[in-house]
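Engineer: Sending over start08.tsv (TSV, C-alpha atoms).
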```tsv
chain	number	residue	atom	x	y	z
A	1	MET	CA	7.71	26.43	4.30
A	2	LYS	CA	11.22	25.96	2.93
A	3	THR	CA	12.21	24.02	6.05
A	4	ALA	CA	9.18	21.75	5.68
A	5	ILE	CA	10.03	21.05	2.04
A	6	SER	CA	13.65	20.29	2.97
A	7	ASN	CA	12.41	17.80	5.57
A	8	LEU	CA	10.25	16.14	2.92
A	9	ARG	CA	13.31	15.82	0.70
A	10	GLN	CA	15.14	13.89	3.41
A	11	ASN	CA	12.37	11.30	3.72
A	12	TRP	CA	11.97	8.13	1.71
A	13	THR	CA	8.58	9.05	0.27
A	14	SER	CA	8.49	10.64	-3.17
A	15	VAL	CA	4.70	10.70	-3.73
A	16	PHE	CA	2.89	13.78	-2.44
A	17	VAL	CA	-0.73	14.95	-2.52
A	18	VAL	CA	-1.09	18.73	-2.39
A	19	ARG	CA	-4.19	20.57	-1.27
A	20	MET	CA	-3.86	24.28	-0.46
A	21	SER	CA	-4.79	27.73	-1.72
A	22	HIS	CA	-3.67	28.97	-5.14
A	23	ALA	CA	-1.23	31.59	-3.87
A	24	LEU	CA	0.31	29.25	-1.32
A	25	ALA	CA	0.54	26.40	-3.82
A	26	LEU	CA	2.43	28.55	-6.33
A	27	LYS	CA	5.02	29.46	-3.70
A	28	PHE	CA	5.16	25.84	-2.55
A	29	PHE	CA	5.96	24.44	-5.99
A	30	GLN	CA	8.53	27.17	-6.61
A	31	LEU	CA	10.40	26.12	-3.46
A	32	ALA	CA	10.00	22.43	-4.34
A	33	LYS	CA	11.59	23.09	-7.72
A	34	GLU	CA	14.49	24.90	-6.04
A	35	GLU	CA	15.00	21.84	-3.81
A	36	GLY	CA	15.16	19.58	-6.87
A	37	MET	CA	11.88	17.86	-6.04
A	38	MET	CA	10.28	18.48	-9.43
A	39	GLY	CA	12.64	16.08	-11.18
A	40	GLN	CA	12.69	12.36	-11.92
A	41	GLY	CA	11.50	10.00	-9.22
A	42	PHE	CA	8.90	12.33	-7.71
A	43	VAL	CA	5.11	12.21	-8.05
A	44	TRP	CA	2.89	15.21	-7.34
A	45	ILE	CA	-0.91	14.93	-7.25
A	46	THR	CA	-3.14	17.94	-6.72
A	47	ALA	CA	-6.76	18.08	-5.61
A	48	TYR	CA	-9.30	19.81	-7.82
A	49	GLY	CA	-8.77	23.18	-6.12
A	50	LEU	CA	-5.29	23.35	-7.68
A	51	THR	CA	-6.05	21.75	-11.02
A	52	ASP	CA	-7.44	25.08	-12.26
A	53	ILE	CA	-4.60	27.12	-10.73
A	54	PHE	CA	-3.32	27.98	-14.21
A	55	ASP	CA	-6.56	29.74	-15.07
A	56	VAL	CA	-6.27	31.82	-11.91
A	57	VAL	CA	-2.52	32.42	-11.61
A	58	GLY	CA	-1.43	32.15	-15.23
A	59	SER	CA	1.50	30.57	-17.06
A	60	LEU	CA	3.81	31.09	-14.08
A	61	ALA	CA	2.24	28.02	-12.47
A	62	LEU	CA	2.92	25.92	-15.57
A	63	ASP	CA	6.64	26.61	-15.35
A	64	VAL	CA	6.98	25.11	-11.86
A	65	MET	CA	4.39	22.30	-12.07
A	66	GLN	CA	5.58	20.24	-15.03
A	67	GLY	CA	4.54	16.58	-14.72
A	68	VAL	CA	2.00	17.20	-11.96
A	69	LEU	CA	-1.19	15.11	-11.96
A	70	GLY	CA	-4.48	16.72	-11.09
A	71	VAL	CA	-8.12	15.70	-10.86
A	72	LYS	CA	-11.23	17.74	-11.61
A	73	PRO	CA	-14.93	16.92	-11.93
A	74	HIS	CA	-15.96	16.02	-15.46
A	75	VAL	CA	-18.48	18.45	-16.93
A	76	GLN	CA	-20.28	17.45	-20.10
A	77	ASP	CA	-19.80	19.99	-22.89
A	78	THR	CA	-23.34	20.96	-23.90
A	79	VAL	CA	-24.82	23.71	-26.07
A	80	LYS	CA	-26.28	25.24	-22.93
A	81	LEU	CA	-22.82	25.40	-21.33
A	82	GLN	CA	-21.22	26.81	-24.49
A	83	ASN	CA	-23.74	29.64	-24.67
A	84	PHE	CA	-23.23	30.39	-20.99
A	85	THR	CA	-19.44	30.40	-21.42
A	86	GLN	CA	-19.68	32.93	-24.26
A	87	ARG	CA	-21.86	35.26	-22.19
A	88	TRP	CA	-19.63	34.84	-19.15
A	89	HIS	CA	-16.43	35.41	-21.14
A	90	SER	CA	-17.55	38.70	-22.67
A	91	LYS	CA	-18.83	40.09	-19.37
A	92	TYR	CA	-15.94	38.85	-17.21
A	93	ARG	CA	-13.30	40.18	-19.64
A	94	LEU	CA	-15.03	43.54	-19.62
A	95	GLU	CA	-14.98	43.73	-15.82
A	96	ASN	CA	-11.51	42.15	-15.43
A	97	PRO	CA	-9.39	43.15	-18.43
A	98	GLY	CA	-6.09	41.86	-17.00
A	99	THR	CA	-7.29	38.40	-16.01
A	100	SER	CA	-5.84	35.16	-17.35
A	101	LEU	CA	-9.04	33.26	-16.66
A	102	SER	CA	-10.40	32.12	-20.02
A	103	GLU	CA	-13.46	30.14	-18.93
A	104	PRO	CA	-15.52	29.58	-15.78
A	105	THR	CA	-14.08	27.04	-13.39
A	106	VAL	CA	-16.02	24.00	-12.24
A	107	SER	CA	-16.33	25.59	-8.80
A	108	GLY	CA	-17.90	28.62	-10.46
A	109	LEU	CA	-20.36	26.39	-12.31
A	110	TYR	CA	-21.20	24.67	-9.02
A	111	ALA	CA	-21.85	28.07	-7.41
A	112	TYR	CA	-24.08	29.11	-10.33
A	113	ASP	CA	-26.11	25.90	-10.10
A	114	THR	CA	-26.36	26.24	-6.32
A	115	ILE	CA	-27.99	29.68	-6.65
A	116	TRP	CA	-30.54	28.19	-9.04
A	117	ALA	CA	-31.10	25.29	-6.64
A	118	LEU	CA	-31.73	27.68	-3.74
A	119	ALA	CA	-34.16	29.69	-5.82
A	120	SER	CA	-35.99	26.54	-6.89
A	121	ALA	CA	-36.09	25.24	-3.31
A	122	ALA	CA	-37.49	28.56	-2.08
A	123	GLU	CA	-40.29	28.35	-4.64
A	124	ASN	CA	-41.09	24.75	-3.71
A	125	ALA	CA	-41.04	25.33	0.05
A	126	THR	CA	-44.60	25.80	1.31
A	127	TYR	CA	-43.52	27.65	4.47
A	128	VAL	CA	-43.78	31.38	3.76
A	129	ASN	CA	-42.95	32.83	7.19
A	130	LEU	CA	-39.63	34.62	6.70
A	131	ASP	CA	-39.26	35.79	10.30
A	132	PHE	CA	-36.04	35.12	12.20
A	133	GLY	CA	-35.74	33.68	15.66
A	134	PRO	CA	-32.87	33.45	18.18
A	135	SER	CA	-30.60	30.42	18.04
A	136	VAL	CA	-30.31	28.00	20.92
A	137	THR	CA	-26.82	28.53	22.32
A	138	LYS	CA	-24.76	26.61	24.81
A	139	ASN	CA	-21.91	27.57	27.09
A	140	GLY	CA	-18.72	28.28	25.20
A	141	SER	CA	-20.49	28.92	21.91
A	142	THR	CA	-19.10	31.36	19.36
A	143	ASP	CA	-20.67	34.57	18.15
A	144	PHE	CA	-21.87	32.79	15.02
A	145	ASP	CA	-24.10	30.63	17.19
A	146	ARG	CA	-25.90	33.76	18.40
A	147	ILE	CA	-26.94	34.81	14.89
A	148	ASP	CA	-30.70	34.63	14.41
A	149	THR	CA	-31.92	31.86	12.09
A	150	SER	CA	-34.86	31.78	9.74
A	151	LYS	CA	-37.90	29.91	10.91
A	152	ALA	CA	-38.23	28.58	7.36
A	153	ALA	CA	-34.73	27.07	7.42
A	154	GLU	CA	-35.84	23.47	7.92
A	155	LYS	CA	-38.45	23.71	5.17
A	156	LEU	CA	-35.93	25.30	2.83
A	157	ARG	CA	-33.30	22.70	3.69
A	158	GLY	CA	-35.71	19.85	2.99
A	159	ALA	CA	-36.72	21.35	-0.35
A	160	LEU	CA	-33.07	21.89	-1.30
A	161	LEU	CA	-32.18	18.26	-0.57
A	162	LYS	CA	-35.00	17.17	-2.89
A	163	THR	CA	-33.99	19.52	-5.69
A	164	LYS	CA	-32.73	17.87	-8.86
A	165	PHE	CA	-32.25	19.50	-12.25
A	166	SER	CA	-29.87	19.72	-15.22
A	167	GLY	CA	-27.55	22.65	-14.59
A	168	MET	CA	-24.41	24.05	-16.15
A	169	SER	CA	-22.20	21.51	-14.36
A	170	GLY	CA	-24.48	18.57	-15.15
A	171	ILE	CA	-27.16	16.93	-13.05
A	172	PHE	CA	-27.48	18.83	-9.77
A	173	ARG	CA	-28.30	16.40	-6.97
A	174	ILE	CA	-27.46	16.34	-3.27
A	175	GLU	CA	-26.91	13.12	-1.35
A	176	ASP	CA	-25.85	12.94	2.30
A	177	THR	CA	-25.54	16.75	2.30
A	178	GLN	CA	-22.89	16.52	-0.46
A	179	LEU	CA	-23.14	17.57	-4.08
A	180	VAL	CA	-22.89	14.45	-6.23
A	181	SER	CA	-20.15	14.43	-8.87
A	182	SER	CA	-19.73	10.91	-10.17
A	183	ASN	CA	-17.05	11.30	-12.85
A	184	TYR	CA	-13.62	12.91	-12.66
A	185	LYS	CA	-10.97	13.78	-15.24
A	186	ILE	CA	-7.27	13.08	-14.69
A	187	ILE	CA	-5.12	15.95	-15.94
A	188	ASN	CA	-1.38	15.86	-16.69
A	189	ILE	CA	0.51	19.15	-16.93
A	190	ILE	CA	2.87	19.03	-19.91
A	191	GLY	CA	4.57	21.99	-21.55
A	192	GLN	CA	2.18	24.90	-21.75
A	193	ASP	CA	-0.96	22.80	-21.66
A	194	ARG	CA	-3.01	20.45	-19.50
A	195	ARG	CA	-3.39	17.06	-21.13
A	196	GLU	CA	-6.33	14.78	-20.36
A	197	VAL	CA	-4.96	11.28	-19.70
A	198	GLY	CA	-8.02	9.48	-18.38
A	199	PHE	CA	-11.06	9.40	-16.15
A	200	TRP	CA	-12.27	7.98	-12.88
A	201	THR	CA	-15.83	6.63	-12.82
A	202	PRO	CA	-17.74	4.57	-10.23
A	203	ASN	CA	-18.26	1.77	-12.76
A	204	PHE	CA	-14.77	1.41	-14.25
A	205	GLY	CA	-12.44	3.12	-11.81
A	206	ILE	CA	-9.40	4.63	-13.53
A	207	SER	CA	-9.92	4.24	-17.26
A	208	GLY	CA	-9.10	5.92	-20.53
A	209	SER	CA	-12.79	6.20	-21.41
A	210	LEU	CA	-15.98	7.19	-19.65
A	211	ASN	CA	-18.02	4.34	-21.14
A	212	MET	CA	-15.65	1.37	-21.05
A	213	LYS	CA	-12.60	0.00	-19.28
A	214	SER	CA	-9.45	0.90	-21.17
A	215	ASP	CA	-5.86	1.95	-20.58
A	216	ILE	CA	-5.17	5.57	-19.80
A	217	ASN	CA	-2.85	7.67	-21.93
A	218	THR	CA	0.86	7.85	-21.18
A	219	ILE	CA	1.65	10.05	-18.19
A	220	ILE	CA	4.68	12.33	-18.34
A	221	TRP	CA	6.04	12.47	-14.79
A	222	PRO	CA	8.24	15.26	-13.39
A	223	GLY	CA	11.61	15.43	-15.09
A	224	ASP	CA	10.07	14.50	-18.46
A	225	ASN	CA	10.00	10.89	-17.29
A	226	LYS	CA	7.68	8.33	-18.91
A	227	THR	CA	8.67	5.49	-16.57
A	228	LEU	CA	6.44	4.94	-13.55
A	229	PRO	CA	8.38	6.16	-10.47
A	230	ARG	CA	9.06	3.70	-7.66
A	231	GLY	CA	7.33	5.90	-5.10
A	232	TRP	CA	10.35	6.25	-2.84
A	233	LEU	CA	13.85	7.68	-3.01
A	234	LEU	CA	16.99	7.25	-0.98
A	235	PRO	CA	17.71	10.24	1.27
A	236	ARG	CA	20.59	12.35	0.08
A	237	ASN	CA	24.01	11.98	1.76
A	238	LYS	CA	22.83	9.13	3.97
A	239	ASN	CA	23.61	5.41	4.10
A	240	LEU	CA	21.16	2.79	5.21
A	241	THR	CA	21.90	1.50	8.69
A	242	ILE	CA	21.53	-2.29	8.82
A	243	GLY	CA	21.27	-3.80	12.28
A	244	VAL	CA	23.02	-7.13	12.93
A	245	PRO	CA	22.71	-9.32	16.06
A	246	ALA	CA	25.98	-9.26	18.02
A	247	ASN	CA	25.72	-12.80	19.43
A	248	PRO	CA	23.55	-14.80	17.04
A	249	GLY	CA	22.30	-18.23	17.89
A	250	PHE	CA	23.80	-19.77	14.75
A	251	GLY	CA	27.11	-18.45	13.46
A	252	GLN	CA	26.60	-20.01	10.04
A	253	PHE	CA	23.71	-17.61	9.43
A	254	VAL	CA	25.28	-14.38	10.64
A	255	LYS	CA	28.59	-13.52	12.29
A	256	TYR	CA	29.21	-9.86	13.03
A	257	GLU	CA	32.86	-8.86	13.26
A	258	GLY	CA	32.44	-5.09	12.94
A	259	GLY	CA	34.06	-4.77	9.53
A	260	PRO	CA	34.30	-6.16	6.00
A	261	GLU	CA	34.88	-9.60	7.46
A	262	ASP	CA	31.21	-9.86	8.46
A	263	LYS	CA	29.95	-13.14	7.14
A	264	GLY	CA	27.15	-15.62	7.33
A	265	PHE	CA	24.39	-16.85	5.08
A	266	CYS	CA	22.01	-13.97	5.94
A	267	ILE	CA	24.63	-11.33	5.22
A	268	LYS	CA	25.64	-12.98	1.94
A	269	VAL	CA	22.02	-13.10	0.77
A	270	PHE	CA	21.49	-9.42	1.65
A	271	ASP	CA	24.71	-8.37	-0.11
A	272	GLU	CA	23.76	-10.28	-3.26
A	273	VAL	CA	20.25	-8.83	-3.35
A	274	VAL	CA	21.51	-5.26	-3.01
A	275	ALA	CA	24.23	-5.86	-5.61
A	276	ASN	CA	21.61	-7.00	-8.15
A	277	LEU	CA	19.35	-3.98	-7.76
A	278	PRO	CA	19.16	-1.71	-10.82
A	279	TYR	CA	20.20	1.25	-8.65
A	280	GLN	CA	22.85	1.83	-6.01
A	281	VAL	CA	21.90	1.51	-2.35
A	282	PRO	CA	24.66	2.58	0.07
A	283	TYR	CA	24.48	0.86	3.45
A	284	THR	CA	26.56	0.03	6.49
A	285	TYR	CA	26.22	-2.74	9.08
A	286	ARG	CA	25.90	-1.85	12.74
A	287	GLY	CA	26.08	-4.49	15.41
A	288	PHE	CA	23.48	-4.58	18.16
A	289	ASN	CA	26.09	-4.61	20.92
A	290	ASP	CA	27.33	-2.62	23.88
A	291	GLY	CA	30.63	-1.66	22.27
A	292	LYS	CA	32.48	-4.57	23.87
A	293	GLY	CA	31.19	-7.28	21.57
A	294	ASN	CA	28.36	-8.32	23.88
A	295	SER	CA	24.72	-8.26	22.83
A	296	ASN	CA	22.84	-5.11	23.74
A	297	GLY	CA	19.56	-6.93	24.35
A	298	THR	CA	17.21	-9.58	23.10
A	299	TYR	CA	15.97	-10.12	19.56
A	300	ASP	CA	12.66	-8.51	20.52
A	301	GLU	CA	14.52	-5.39	21.61
A	302	LEU	CA	16.46	-5.38	18.33
A	303	ILE	CA	13.19	-5.51	16.39
A	304	TYR	CA	11.78	-2.69	18.48
A	305	LYS	CA	14.86	-0.58	17.68
A	306	LEU	CA	13.97	-1.05	14.02
A	307	TYR	CA	10.43	0.07	14.77
A	308	LEU	CA	11.85	3.20	16.44
A	309	LYS	CA	13.81	3.85	13.21
A	310	GLU	CA	17.21	3.53	14.85
A	311	TYR	CA	17.89	0.99	12.09
A	312	ASP	CA	16.64	0.98	8.51
A	313	ALA	CA	16.64	-2.82	8.33
A	314	VAL	CA	17.84	-5.84	10.29
A	315	VAL	CA	19.74	-8.79	8.85
A	316	GLY	CA	20.09	-11.97	10.88
A	317	ASP	CA	18.53	-15.16	12.12
A	318	VAL	CA	15.43	-13.42	13.43
A	319	THR	CA	12.47	-15.73	13.92
A	320	ILE	CA	9.18	-14.54	12.47
A	321	LEU	CA	6.75	-14.22	15.38
A	322	ALA	CA	3.28	-12.75	15.61
A	323	ASN	CA	4.18	-10.08	18.17
A	324	ARG	CA	7.20	-8.98	16.11
A	325	SER	CA	5.06	-8.70	12.98
A	326	LEU	CA	3.09	-5.97	14.73
A	327	TYR	CA	6.11	-3.67	14.55
A	328	VAL	CA	8.04	-4.61	11.39
A	329	ASP	CA	7.65	-6.38	8.05
A	330	PHE	CA	9.58	-9.59	7.38
A	331	THR	CA	10.95	-10.90	4.11
A	332	LEU	CA	10.13	-14.42	3.03
A	333	PRO	CA	12.10	-17.04	4.99
A	334	TYR	CA	15.03	-18.69	3.28
A	335	THR	CA	13.64	-22.17	3.89
A	336	GLU	CA	10.40	-23.48	2.47
A	337	SER	CA	7.52	-21.62	4.02
A	338	GLY	CA	4.37	-23.31	5.23
A	339	VAL	CA	2.20	-24.18	8.20
A	340	ARG	CA	2.51	-27.47	10.00
A	341	MET	CA	0.55	-29.05	12.84
A	342	LEU	CA	1.37	-31.93	15.17
A	343	VAL	CA	-1.74	-33.74	16.41
A	344	PRO	CA	-2.17	-37.10	18.19
A	345	VAL	CA	-3.49	-39.96	16.06
A	346	LEU	CA	-6.45	-41.95	17.38
A	347	ASP	CA	-5.85	-45.66	16.74
A	348	ARG	CA	-9.19	-47.14	15.69
A	349	ARG	CA	-7.84	-50.56	14.68
A	350	GLN	CA	-9.41	-53.61	16.38
A	351	LYS	CA	-7.12	-55.31	18.90
A	352	THR	CA	-7.19	-59.13	19.49
A	353	ALA	CA	-4.89	-61.75	20.96
A	354	TRP	CA	-3.39	-62.24	17.49
A	355	THR	CA	-2.60	-58.56	16.96
A	356	PHE	CA	1.11	-59.29	17.37
A	357	LEU	CA	0.97	-61.26	14.10
A	358	LYS	CA	-0.07	-58.23	12.00
A	359	PRO	CA	3.48	-56.90	11.55
A	360	LEU	CA	4.43	-60.31	10.04
A	361	THR	CA	4.05	-59.90	6.30
A	362	THR	CA	3.74	-62.68	3.73
A	363	ASP	CA	7.37	-62.34	2.71
A	364	LEU	CA	8.42	-62.60	6.33
A	365	TRP	CA	6.34	-65.79	6.81
A	366	LEU	CA	7.82	-67.36	3.68
A	367	GLY	CA	11.32	-66.42	4.76
A	368	THR	CA	10.77	-67.87	8.24
A	369	GLY	CA	9.36	-71.11	6.82
A	370	ALA	CA	12.27	-71.50	4.41
A	371	PHE	CA	14.74	-70.90	7.21
A	372	VAL	CA	13.03	-73.58	9.40
A	373	VAL	CA	13.15	-76.12	6.55
A	374	PHE	CA	16.80	-75.29	5.90
A	375	THR	CA	17.63	-75.67	9.59
A	376	GLY	CA	15.84	-79.05	9.74
A	377	PHE	CA	17.68	-80.22	6.66
A	378	VAL	CA	21.04	-79.34	8.19
A	379	VAL	CA	20.19	-81.16	11.42
A	380	TRP	CA	19.08	-84.25	9.46
A	381	CYS	CA	22.33	-84.23	7.52
A	382	ILE	CA	24.36	-84.11	10.72
A	383	GLU	CA	22.36	-86.91	12.32
A	384	ASN	CA	22.86	-89.19	9.34
A	385	HIS	CA	26.58	-88.61	8.88
A	386	GLU	CA	28.84	-91.64	9.51
A	387	ASP	CA	30.98	-89.77	11.97
A	388	PHE	CA	28.04	-88.29	13.83
A	389	LYS	CA	25.70	-91.25	14.23
A	390	GLY	CA	23.26	-90.86	16.99
A	391	VAL	CA	21.84	-93.21	19.63
A	392	PRO	CA	20.27	-95.78	17.30
A	393	SER	CA	23.66	-96.61	15.76
A	394	ARG	CA	25.34	-97.03	19.15
A	395	LEU	CA	22.59	-99.33	20.40
A	396	SER	CA	22.94	-101.59	17.35
A	397	THR	CA	26.71	-101.77	17.84
A	398	HIS	CA	26.45	-102.92	21.49
A	399	SER	CA	23.93	-105.55	20.62
```
Step by step, read the file and then write its structure as structure tokens.
Structural biologist:
Amino acid sequence: MKTAISNLRQNWTSVFVVRMSHALALKFFQLAKEEGMMGQGFVWITAYGLTDIFDVVGSLALDVMQGVLGVKPHVQDTVKLQNFTQRWHSKYRLENPGTSLSEPTVSGLYAYDTIWALASAAENATYVNLDFGPSVTKNGSTDFDRIDTSKAAEKLRGALLKTKFSGMSGIFRIEDTQLVSSNYKIINIIGQDRREVGFWTPNFGISGSLNMKSDINTIIWPGDNKTLPRGWLLPRNKNLTIGVPANPGFGQFVKYEGGPEDKGFCIKVFDEVVANLPYQVPYTYRGFNDGKGNSNGTYDELIYKLYLKEYDAVVGDVTILANRSLYVDFTLPYTESGVRMLVPVLDRRQKTAWTFLKPLTTDLWLGTGAFVVFTGFVVWCIENHEDFKGVPSRLSTHS
């Protein structure tokens, strides 16, 4: 068990759900505390079977489970339950003088109600033949399959599924062969007590009240921490390994040199992001090369290495593709993200012999007309100049 807990400590995850026996759970949390896993940053959630461990084991469990969250079915405190608890307490203490159990557990109340349900179902079942018959067995069956079964079993089962009454634990009702328990309490272990911080109900989910949606009370996490843990921790004595393409397509984005002189836009962005985190993240770059500066494969192979956990992350000009997204998660691209489509345009405009005139705008027509008038005026001026008289002047001179 100690080896398994040490392996958990080396992982990134710091949120754990525990479901095991009381004796094993006590030993488990003792070892977890020795490994430093009951301090800040960790989250421990126990199933109902361990929420009442303190009633069974005693205060020793409280010492090693500080900050643990647990859930348990919510049982309405009624006069009927109070009277039953008093009778149970006096009799149980008499038979078990050294016990630390101060009240019946919810599982005990379920068992009590189940006995009443069986008795009620037996009374309601109309089949009175209590004979037993052999079970139908198949090859490879266990010895339990050879135990004789009651011929009234089906009748009794049907009556039990229809049984509904108000018991010690609340309304006893079975649906889909499961006992219905609609509401749960969320328990936080603080000091020498279990503090109720909220509920879970089908109507409101996690809430501070059974009858309305409201905020739950403040949870004290392991290490006397009131801040919500991140849910992950950096492994101890280990740097993040960041993969970098050895021969990128664009040197301005990433250029791996195998040292502090690594540069490029992608590397600068990554360095700045890590530097602005509220906690320290040690990391080292490792080029995806063959040791001689040449690339050790394609970009797809580099992404697959990340999937195989040979790298903790990859920094570079890696294109986001659908097949790559099946193996890893991508950050948002540095450029504006979006989806674009190129489609051919169907020209529905009517075409005639004068279509070529459509590009000629009004301004262009006015400009062309003005230029023609100006050109004609210049030609007229030249024709009427004394030094450039045309044919009519020469004919009059010869005559």
Engineer: How many Å lie between CA of Tyr283 in chain A and CA of Tyr256 in chain A, rounded to one decimal?
Structural biologist: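 Separation between CA of Tyr283 in chain A and CA of Tyr256 in chain A: 15.1 Å.
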Engineer: Which residue gives the smallest distance to Gly316 in chain A among A:Tyr92, A:Tyr279, A:Trp200, A:Phe288, with only C-alpha atoms counted?
Structural biologist: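 With only C-alpha atoms as the atom set, the closest residue is A:Phe288.
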Engineer: Find the residues with any atom within 10 Å of (-17.5, 22.6, -10.5); use all atoms listed in the file and the coordinates as given in the file, and write the answer as a VMD selection string.
Structural biologist: chain A and resid 48 to 49 72 to 75 104 to 113 168 to 170 179 181
Engineer: Measure the distance from CA of Thr201 in chain A to CA of Phe42 in chain A in Å and round it to one decimal.
Structural biologist: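 Computing it gives 25.9 Å between the two atoms.
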Engineer: Compare A:Thr331, A:Asn124, A:Asn217, A:Ala117 by their minimum atom-to-atom distance to Phe172 in chain A, counting all atoms listed in the file, and give me the closest one.
Structural biologist: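 Checking each candidate against Phe172 in chain A, we get A:Ala117 as the closest.
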Engineer: So, with all atoms listed in the file as the atoms that count, which of A:Thr368, A:Lys263, A:Gly167, A:Gly223 lies closest to Thr78 in chain A?
Structural biologist: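 Going through A:Thr368, A:Lys263, A:Gly167, A:Gly223 one by one, the smallest distance to Thr78 in chain A is for A:Gly167.
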Engineer: CA of Phe199 in chain A and CA of Lys27 in chain A, how far apart in Å?
Structural biologist: 28.6 Å
Engineer: With only C-alpha atoms as the counted atoms, please give the residues lying no more than 12 Å from range 229-231 of chain A, apart from itself and same-chain residues fewer than 6 positions off, as a list in words.
Structural biologist: Asn11, Trp12, Thr13, Ser14, Val15, Phe16, Gly39, Gln40, Gly41, Phe42, Val43, Trp44, Gly67, Ile219, Ile220, Trp221, Pro222, Gly223, Pro278 and Tyr279 of chain A
Engineer: Print the selection's residues with C-alpha atoms to a file, as a short mmCIF file (atom, residue, chain, number, x, y, z; two decimals), in the frame of the given file.
Structural biologist:
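Final output, saved to selection_0.cif:
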```
data_model
loop_
_atom_site.label_atom_id
_atom_site.label_comp_id
_atom_site.auth_asym_id
_atom_site.auth_seq_id
_atom_site.Cartn_x
_atom_site.Cartn_y
_atom_site.Cartn_z
CA ASN A 11 12.37 11.30 3.72
CA TRP A 12 11.97 8.13 1.71
CA THR A 13 8.58 9.05 0.27
CA SER A 14 8.49 10.64 -3.17
CA VAL A 15 4.70 10.70 -3.73
CA PHE A 16 2.89 13.78 -2.44
CA GLY A 39 12.64 16.08 -11.18
CA GLN A 40 12.69 12.36 -11.92
CA GLY A 41 11.50 10.00 -9.22
CA PHE A 42 8.90 12.33 -7.71
CA VAL A 43 5.11 12.21 -8.05
CA TRP A 44 2.89 15.21 -7.34
CA GLY A 67 4.54 16.58 -14.72
CA ILE A 219 1.65 10.05 -18.19
CA ILE A 220 4.68 12.33 -18.34
CA TRP A 221 6.04 12.47 -14.79
CA PRO A 222 8.24 15.26 -13.39
CA GLY A 223 11.61 15.43 -15.09
CA PRO A 278 19.16 -1.71 -10.82
CA TYR A 279 20.20 1.25 -8.65
#
```
